[in-house]
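Content type compact mmCIF, C-alpha atoms, from the file coords03.txt:
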```txt
# COMPACT_ATOMS: atom_id res chain seq x y z
CA MET M 1 -82.32 -49.28 -31.96
CA PRO M 2 -78.76 -47.99 -31.74
CA PHE M 3 -78.05 -44.27 -31.70
CA THR M 4 -74.93 -42.15 -31.54
CA LEU M 5 -74.31 -39.09 -29.39
CA ASP M 6 -71.73 -36.73 -30.73
CA PHE M 7 -70.21 -34.13 -28.38
CA ASP M 8 -68.00 -31.33 -29.65
CA SER M 9 -65.89 -30.64 -26.55
CA ALA M 10 -63.88 -27.91 -28.26
CA GLU M 11 -67.05 -25.96 -29.12
CA PHE M 12 -68.44 -26.51 -25.61
CA THR M 13 -65.18 -25.22 -24.08
CA ARG M 14 -65.23 -22.17 -26.37
CA GLN M 15 -68.85 -21.35 -25.45
CA ALA M 16 -68.21 -21.93 -21.74
CA LYS M 17 -65.20 -19.60 -21.81
CA ALA M 18 -67.22 -16.98 -23.68
CA TYR M 19 -70.04 -17.27 -21.11
CA VAL M 20 -67.63 -16.87 -18.23
CA ALA M 21 -65.90 -13.90 -19.91
CA LYS M 22 -69.10 -12.09 -21.00
CA THR M 23 -71.51 -12.97 -18.21
CA VAL M 24 -69.96 -14.53 -15.10
CA ARG M 25 -66.82 -12.39 -14.73
CA PRO M 26 -68.62 -9.02 -15.12
CA ALA M 27 -71.30 -10.18 -12.67
CA LEU M 28 -68.69 -11.24 -10.12
CA ASP M 29 -66.84 -7.93 -10.59
CA GLU M 30 -70.08 -6.04 -9.86
CA ALA M 31 -70.87 -8.24 -6.86
CA VAL M 32 -67.40 -7.72 -5.39
CA LEU M 33 -67.64 -3.94 -5.86
CA TYR M 34 -71.07 -3.93 -4.20
CA ILE M 35 -69.68 -5.90 -1.24
CA ALA M 36 -66.68 -3.55 -0.98
CA ALA M 37 -68.97 -0.49 -1.05
CA SER M 38 -71.09 -2.07 1.67
CA ALA M 39 -67.96 -2.72 3.76
CA ARG M 40 -66.83 0.91 3.36
CA LYS M 41 -70.28 2.06 4.47
CA ARG M 42 -70.22 -0.29 7.49
CA LEU M 43 -66.80 1.02 8.55
CA SER M 44 -68.04 4.63 8.40
CA GLU M 45 -71.18 3.75 10.34
CA ALA M 46 -69.10 1.99 13.01
CA THR M 47 -66.90 4.98 13.82
CA PRO M 48 -69.34 6.51 16.36
CA ILE M 49 -69.51 3.14 18.12
CA TYR M 50 -65.74 2.81 18.58
CA PHE M 51 -64.62 6.46 18.70
CA ASP M 52 -65.76 9.23 21.02
CA ARG M 53 -67.31 11.98 18.85
CA PRO M 54 -65.48 11.13 15.60
CA ILE M 55 -64.86 13.96 13.17
CA GLU M 56 -65.80 13.80 9.49
CA TRP M 57 -62.14 13.16 8.67
CA THR M 58 -62.41 9.83 10.54
CA VAL M 59 -65.94 8.91 9.45
CA ASP M 60 -65.07 9.48 5.77
CA GLY M 61 -61.64 7.85 6.06
CA PHE M 62 -62.45 4.63 4.18
CA ALA M 63 -62.49 3.74 0.50
CA TYR M 64 -62.53 0.80 -1.89
CA LYS M 65 -61.37 0.07 -5.39
CA LYS M 66 -61.31 -2.75 -7.88
CA VAL M 67 -58.01 -4.61 -8.04
CA GLU M 68 -56.89 -4.00 -11.61
CA GLY M 69 -55.27 -6.87 -13.46
CA ALA M 70 -56.45 -9.49 -10.97
CA THR M 71 -57.22 -12.95 -12.34
CA ALA M 72 -60.31 -13.15 -10.11
CA ALA M 73 -62.94 -10.60 -9.13
CA GLU M 74 -61.23 -8.64 -6.36
CA ALA M 75 -61.69 -5.35 -4.55
CA PHE M 76 -59.57 -3.65 -1.95
CA VAL M 77 -61.16 -1.95 1.10
CA TYR M 78 -58.75 0.41 2.81
CA VAL M 79 -58.17 3.46 4.98
CA LEU M 80 -57.30 6.55 2.96
CA PRO M 81 -53.53 7.17 2.99
CA GLY M 82 -53.45 10.42 4.99
CA ARG M 83 -55.67 8.89 7.65
CA ALA M 84 -54.02 5.48 7.83
CA ARG M 85 -51.13 6.85 9.90
CA TYR M 86 -53.61 7.68 12.68
CA LEU M 87 -56.29 5.04 12.20
CA GLY M 88 -53.70 2.28 11.91
CA LEU M 89 -52.95 2.81 15.60
CA GLU M 90 -56.66 2.37 16.35
CA VAL M 91 -56.78 -0.87 14.34
CA TYR M 92 -53.50 -2.49 15.44
CA GLY M 93 -52.46 -0.53 18.53
CA GLY M 94 -48.99 0.89 18.97
CA GLU M 95 -47.13 3.99 20.07
CA ARG M 96 -46.67 7.52 18.74
CA VAL M 97 -43.35 9.13 19.54
CA ALA M 98 -41.50 12.28 18.50
CA GLY M 99 -41.30 12.57 14.74
CA ASP M 100 -44.37 10.42 14.05
CA PHE M 101 -47.41 11.78 12.24
CA ALA M 102 -49.01 14.73 14.07
CA THR M 103 -46.31 15.00 16.76
CA THR M 104 -43.82 17.68 17.69
CA ASP M 105 -40.07 17.15 17.47
CA GLN M 106 -40.15 16.36 21.21
CA GLY M 107 -43.17 14.06 21.24
CA PRO M 108 -46.96 13.96 20.88
CA LEU M 109 -48.92 17.05 21.97
CA VAL M 110 -51.88 16.24 24.21
CA PRO M 111 -54.43 18.44 26.00
CA GLY M 112 -53.55 19.54 29.53
CA ARG M 113 -55.94 19.22 32.48
CA ASP M 114 -57.22 22.81 31.98
CA ALA M 115 -57.43 22.79 28.17
CA VAL M 116 -60.60 23.93 26.44
CA LEU M 117 -61.49 21.23 23.91
CA ASP M 118 -63.57 21.39 20.75
CA GLU M 119 -66.78 19.42 20.20
CA HIS M 120 -64.70 16.36 19.26
CA GLY M 121 -62.51 16.35 22.36
CA ASN M 122 -59.46 17.79 20.60
CA LEU M 123 -57.48 20.97 21.01
CA PRO M 124 -59.13 23.48 18.67
CA ARG M 125 -57.22 24.66 15.61
CA GLY M 126 -54.98 27.58 16.60
CA TYR M 127 -55.37 26.84 20.33
CA ILE M 128 -51.64 26.84 21.12
CA SER M 129 -50.87 30.10 19.29
CA ASP M 130 -53.93 31.76 20.89
CA ALA M 131 -52.80 30.60 24.34
CA VAL M 132 -49.28 31.93 23.76
CA SER M 133 -50.70 35.29 22.64
CA ARG M 134 -52.64 35.39 25.95
CA GLY M 135 -49.42 34.92 27.95
CA ALA M 136 -49.11 31.14 28.14
CA ARG M 137 -45.58 29.82 28.00
CA TRP M 138 -43.76 26.53 27.66
CA ILE M 139 -41.93 25.40 30.79
CA GLU M 140 -39.87 22.39 31.73
CA ALA M 141 -41.83 20.83 34.59
CA LYS M 142 -39.23 18.12 35.20
CA PRO M 143 -35.59 18.27 34.14
CA GLY M 144 -34.97 16.38 30.92
CA ARG M 145 -38.68 15.86 30.19
CA PRO M 146 -40.72 17.46 27.39
CA PRO M 147 -42.28 20.85 28.22
CA ILE M 148 -45.80 21.77 29.24
CA LEU M 149 -47.79 24.85 28.22
CA VAL M 150 -49.02 26.79 31.24
CA LEU M 151 -50.95 29.99 31.79
CA PRO M 152 -49.38 31.65 34.85
CA GLY M 153 -50.73 34.42 37.07
CA ARG M 154 -53.71 32.61 38.50
CA ASP M 155 -54.35 31.10 41.95
CA ARG M 156 -53.01 27.91 40.45
CA VAL M 157 -51.10 27.30 37.25
CA GLU M 158 -53.36 26.25 34.38
CA VAL M 159 -51.93 23.40 32.33
CA LEU M 160 -53.16 23.90 28.77
CA ALA M 161 -51.10 21.35 26.83
CA VAL M 162 -48.44 18.76 27.47
CA ILE M 163 -45.83 17.24 25.22
CA THR M 164 -45.37 13.59 26.18
CA GLU M 165 -42.55 11.25 25.30
CA LYS M 166 -45.03 8.80 23.79
CA THR M 167 -48.71 7.97 23.61
CA THR M 168 -49.80 4.34 23.61
CA TYR M 169 -52.85 3.11 21.71
CA LYS M 170 -54.72 -0.14 22.26
CA ALA M 171 -56.37 -1.74 19.24
CA ARG M 172 -60.03 -0.74 19.43
CA PHE M 173 -61.39 -0.45 15.89
CA PRO M 174 -62.09 -3.95 14.47
CA PHE M 175 -61.55 -3.01 10.81
CA HIS M 176 -60.95 -6.56 9.57
CA ASP M 177 -63.84 -8.07 11.56
CA LEU M 178 -66.26 -5.44 10.24
CA VAL M 179 -65.25 -6.06 6.62
CA GLU M 180 -65.35 -9.84 7.04
CA LYS M 181 -68.83 -9.67 8.56
CA VAL M 182 -70.13 -7.72 5.54
CA VAL M 183 -68.63 -10.30 3.16
CA PHE M 184 -70.40 -13.14 4.98
CA GLU M 185 -73.68 -11.22 5.30
CA LYS M 186 -73.89 -9.92 1.73
CA GLY M 187 -71.65 -12.13 -0.40
CA ALA M 188 -74.01 -14.88 -1.54
CA ALA M 189 -76.94 -12.52 -2.17
CA ALA M 190 -74.74 -10.10 -4.13
CA VAL M 191 -73.42 -12.87 -6.40
CA ALA M 192 -76.96 -14.20 -6.97
CA LYS M 193 -78.25 -10.69 -7.73
CA TYR M 194 -75.60 -9.84 -10.31
CA LEU M 195 -75.63 -13.27 -11.97
CA LYS M 196 -79.33 -12.97 -12.89
```

Encoding of this model in structure tokens:
Amino acid sequence: MPFTLDFDSAEFTRQAKAYVAKTVRPALDEAVLYIAASARKRLSEATPIYFDRPIEWTVDGFAYKKVEGATAAEAFVYVLPGRARYLGLEVYGGERVAGDFATTDQGPLVPGRDAVLDEHGNLPRGYISDAVSRGARWIEAKPGRPPILVLPGRDRVEVLAVITEKTTYKARFPFHDLVEKVVFEKGAAAVAKYLK
């Protein structure tokens, strides 16, 4: 008994494209955003592991967003712009010199051996102006080198702050590895969840 099978490839292609546009693409967009949100969360949770007493500014320094106009489902996980100038040094390493973010015109300001630090290991806000009002003064410890802030009149000079020519950072925050690990851990399950 002969029979004929008729296949309308144009209709199949139209329905397949409609399925991808109405079902698959939105599901993949949701899955990618879920993965990106998970990566942002992992980065925040990792800050206490890689940084000594991180402040909220560092912990909350990560974000994500959908890549608009992309031909595939894409999201971008990133360090917030104002924080990237600092955290970039922690991710890639490098040097800070005079004129860089959070430096003086002579170089980076760092705590001296006798500085009183805040709970995060930094000079407290207003520390320099308070020290100057208590009689501290900037002196040139070595000719041609940046100055140091000292509090004189004691048995020994207290060094409260130092301006250095540069500070060198080693890469210590594995931003890319942390994000990649989340993608591998959560990717397949997220796609399966949103394609249901």

As a check of understanding: the span from atom CA of Tyr194 of chain M to atom CA of Ala31 of chain M is 6.1 Å

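Using only C-alpha atoms, the shortest contact distance between Ala46 of chain M and any of M:Glu185, M:Asp177, M:Glu11, M:Glu165 is found at M:Asp177.
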
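Picture a line from atom CA of Ala36 of chain M to atom CA of Leu87 of chain M; it runs 18.9 Å.
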
For Tyr50 of chain M, list every protein, DNA or RNA residue within 9 Å, evaluated using all atoms listed in the file, and leave out those in the same chain fewer than 6 positions away; present the list as a PyMOL selection string.
chain M and resi 172-174

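Closest approach to Thr104 of chain M among M:Phe76, M:Pro146, M:Arg137, M:Leu117 is made by M:Pro146 (distances from all atoms listed in the file).
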
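Closest to His176 of chain M among M:Leu28, M:Leu33, M:Val67, M:Val79 is M:Val79, based on all atoms listed in the file.
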
Using only C-alpha atoms, determine which residues lie at most 7 Å from segment 149-161 of chain M, disregarding the query and same-chain residues fewer than 4 positions distant; provide the list as a ChimeraX atom specification.
/M:109-115,135-139

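The residue set within 12 Å of Pro54 of chain M, counting all atoms listed in the file and dropping same-chain residues fewer than 3 places from it, reads Ser44, Glu45, Ala46, Thr47, Pro48, Ile49, Tyr50, Phe51, Trp57, Thr58, Val59, Asp60, Gly61, Leu87, Asp118, Glu119, His120, Gly121 and Asn122 of chain M.
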
Please list as a list in words every residue within 12 Å of Ala189 of chain M, counting only C-alpha atoms and excluding residues in the same chain fewer than 5 positions away.
Leu28, Ala31, Val32, Tyr34, Ile35, Val182, Val183, Phe184, Tyr194, Leu195 and Lys196 of chain M

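Closest approach to Thr164 of chain M from the set M:Glu140, M:Glu56, M:Glu74, M:Glu180 is made by M:Glu140, with distances taken over only C-alpha atoms.
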
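Between atom CA of Arg85 of chain M and atom CA of Phe101 of chain M the separation is 6.6 Å.
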
Using all atoms listed in the file, the shortest atom-to-atom distance to Phe175 of chain M among M:Arg125, M:Arg42, M:Lys17, M:Arg53 belongs to M:Arg42

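The residue that comes closest to Ala102 of chain M, out of M:Ser9, M:Thr167, M:Thr71, M:Ser129 and on the basis of all atoms listed in the file, is M:Thr167.
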
Please return the centre and edge lengths, in Å to one decimal, of a box with edges along x, y and z that contains all listed atoms of segment 11-15 of chain M, widened by 3 Å on every side, as AutoDock Vina command-line options.
```
--center_x -67.0 --center_y -23.9 --center_z -26.6 --size_x 9.7 --size_y 11.2 --size_z 11.0
```

Emit a file covering segment 28-145 of chain M of the preceding structure with C-alpha atoms, as a tab-separated table (two decimals), in the first residue's frame.
```tsv
chain	number	residue	atom	x	y	z
M	28	LEU	CA	17.50	31.90	28.04
M	29	ASP	CA	17.37	35.62	28.91
M	30	GLU	CA	15.95	34.75	32.35
M	31	ALA	CA	18.50	31.97	32.87
M	32	VAL	CA	21.40	34.29	31.98
M	33	LEU	CA	20.12	37.00	34.34
M	34	TYR	CA	19.76	34.42	37.14
M	35	ILE	CA	23.34	33.24	36.55
M	36	ALA	CA	24.61	36.84	36.51
M	37	ALA	CA	22.76	37.62	39.77
M	38	SER	CA	24.28	34.50	41.31
M	39	ALA	CA	27.75	35.59	40.16
M	40	ARG	CA	27.25	39.06	41.68
M	41	LYS	CA	26.20	37.43	44.95
M	42	ARG	CA	29.23	35.10	44.91
M	43	LEU	CA	31.59	38.04	44.36
M	44	SER	CA	30.11	39.91	47.33
M	45	GLU	CA	30.31	36.81	49.52
M	46	ALA	CA	33.95	36.29	48.54
M	47	THR	CA	35.14	39.73	49.64
M	48	PRO	CA	35.71	38.72	53.31
M	49	ILE	CA	37.79	35.77	52.09
M	50	TYR	CA	40.16	37.86	49.97
M	51	PHE	CA	40.09	41.23	51.77
M	52	ASP	CA	40.89	42.01	55.39
M	53	ARG	CA	37.72	43.49	56.96
M	54	PRO	CA	36.11	44.76	53.73
M	55	ILE	CA	33.83	47.76	54.01
M	56	GLU	CA	30.30	47.83	52.58
M	57	TRP	CA	31.61	49.90	49.67
M	58	THR	CA	33.71	46.89	48.61
M	59	VAL	CA	31.18	44.17	49.46
M	60	ASP	CA	28.44	45.95	47.48
M	61	GLY	CA	30.75	46.91	44.63
M	62	PHE	CA	29.42	44.45	42.04
M	63	ALA	CA	26.50	44.56	39.63
M	64	TYR	CA	25.08	42.90	36.53
M	65	LYS	CA	22.89	43.88	33.64
M	66	LYS	CA	21.41	42.40	30.51
M	67	VAL	CA	23.34	43.20	27.34
M	68	GLU	CA	20.80	45.15	25.31
M	69	GLY	CA	20.66	44.50	21.58
M	70	ALA	CA	22.67	41.28	21.80
M	71	THR	CA	21.84	38.55	19.30
M	72	ALA	CA	22.17	35.92	22.05
M	73	ALA	CA	21.13	35.87	25.69
M	74	GLU	CA	23.91	37.81	27.39
M	75	ALA	CA	24.53	39.53	30.70
M	76	PHE	CA	27.44	41.58	31.92
M	77	VAL	CA	28.83	41.13	35.47
M	78	TYR	CA	31.02	44.04	36.50
M	79	VAL	CA	32.51	46.18	39.24
M	80	LEU	CA	30.64	49.45	39.75
M	81	PRO	CA	32.45	52.33	38.03
M	82	GLY	CA	33.51	54.32	41.10
M	83	ARG	CA	34.91	51.19	42.71
M	84	ALA	CA	36.60	49.72	39.64
M	85	ARG	CA	39.53	52.15	39.94
M	86	TYR	CA	40.42	50.55	43.28
M	87	LEU	CA	39.18	46.98	42.84
M	88	GLY	CA	40.82	46.71	39.43
M	89	LEU	CA	44.18	46.78	41.21
M	90	GLU	CA	43.00	43.90	43.41
M	91	VAL	CA	41.92	41.88	40.35
M	92	TYR	CA	44.84	42.58	37.99
M	93	GLY	CA	47.56	44.02	40.23
M	94	GLY	CA	49.40	47.21	39.41
M	95	GLU	CA	50.64	50.44	40.93
M	96	ARG	CA	49.05	53.60	42.29
M	97	VAL	CA	51.09	56.76	41.86
M	98	ALA	CA	50.52	60.48	42.34
M	99	GLY	CA	47.41	61.64	40.52
M	100	ASP	CA	45.71	58.23	40.51
M	101	PHE	CA	42.38	57.65	42.21
M	102	ALA	CA	42.50	58.38	45.97
M	103	THR	CA	46.06	59.74	45.97
M	104	THR	CA	47.56	63.10	46.76
M	105	ASP	CA	49.40	65.19	44.18
M	106	GLN	CA	52.65	63.75	45.60
M	107	GLY	CA	51.60	60.11	45.83
M	108	PRO	CA	49.39	57.66	47.73
M	109	LEU	CA	48.67	58.42	51.40
M	110	VAL	CA	49.21	55.42	53.69
M	111	PRO	CA	48.96	55.00	57.46
M	112	GLY	CA	52.14	55.60	59.46
M	113	ARG	CA	53.45	53.19	62.10
M	114	ASP	CA	51.65	55.09	64.90
M	115	ALA	CA	48.36	55.77	63.10
M	116	VAL	CA	45.07	54.93	64.77
M	117	LEU	CA	43.05	52.92	62.24
M	118	ASP	CA	39.31	52.38	61.94
M	119	GLU	CA	37.62	48.98	62.19
M	120	HIS	CA	38.51	48.29	58.55
M	121	GLY	CA	42.22	49.03	58.86
M	122	ASN	CA	42.01	52.44	57.18
M	123	LEU	CA	42.72	55.95	58.33
M	124	PRO	CA	39.41	57.23	59.73
M	125	ARG	CA	37.58	59.99	57.87
M	126	GLY	CA	38.96	63.36	59.00
M	127	TYR	CA	42.03	61.75	60.61
M	128	ILE	CA	44.59	64.01	58.89
M	129	SER	CA	42.79	67.28	59.66
M	130	ASP	CA	42.24	66.17	63.28
M	131	ALA	CA	45.93	65.30	63.63
M	132	VAL	CA	46.97	68.68	62.20
M	133	SER	CA	44.63	70.46	64.64
M	134	ARG	CA	46.39	68.56	67.47
M	135	GLY	CA	49.80	69.87	66.34
M	136	ALA	CA	50.89	67.26	63.80
M	137	ARG	CA	52.83	68.61	60.86
M	138	TRP	CA	54.14	67.45	57.51
M	139	ILE	CA	57.92	67.13	57.31
M	140	GLU	CA	60.37	66.06	54.66
M	141	ALA	CA	62.07	63.03	56.20
M	142	LYS	CA	64.46	62.60	53.27
M	143	PRO	CA	65.40	65.29	50.76
M	144	GLY	CA	63.40	65.01	47.56
M	145	ARG	CA	61.01	62.39	48.96
```
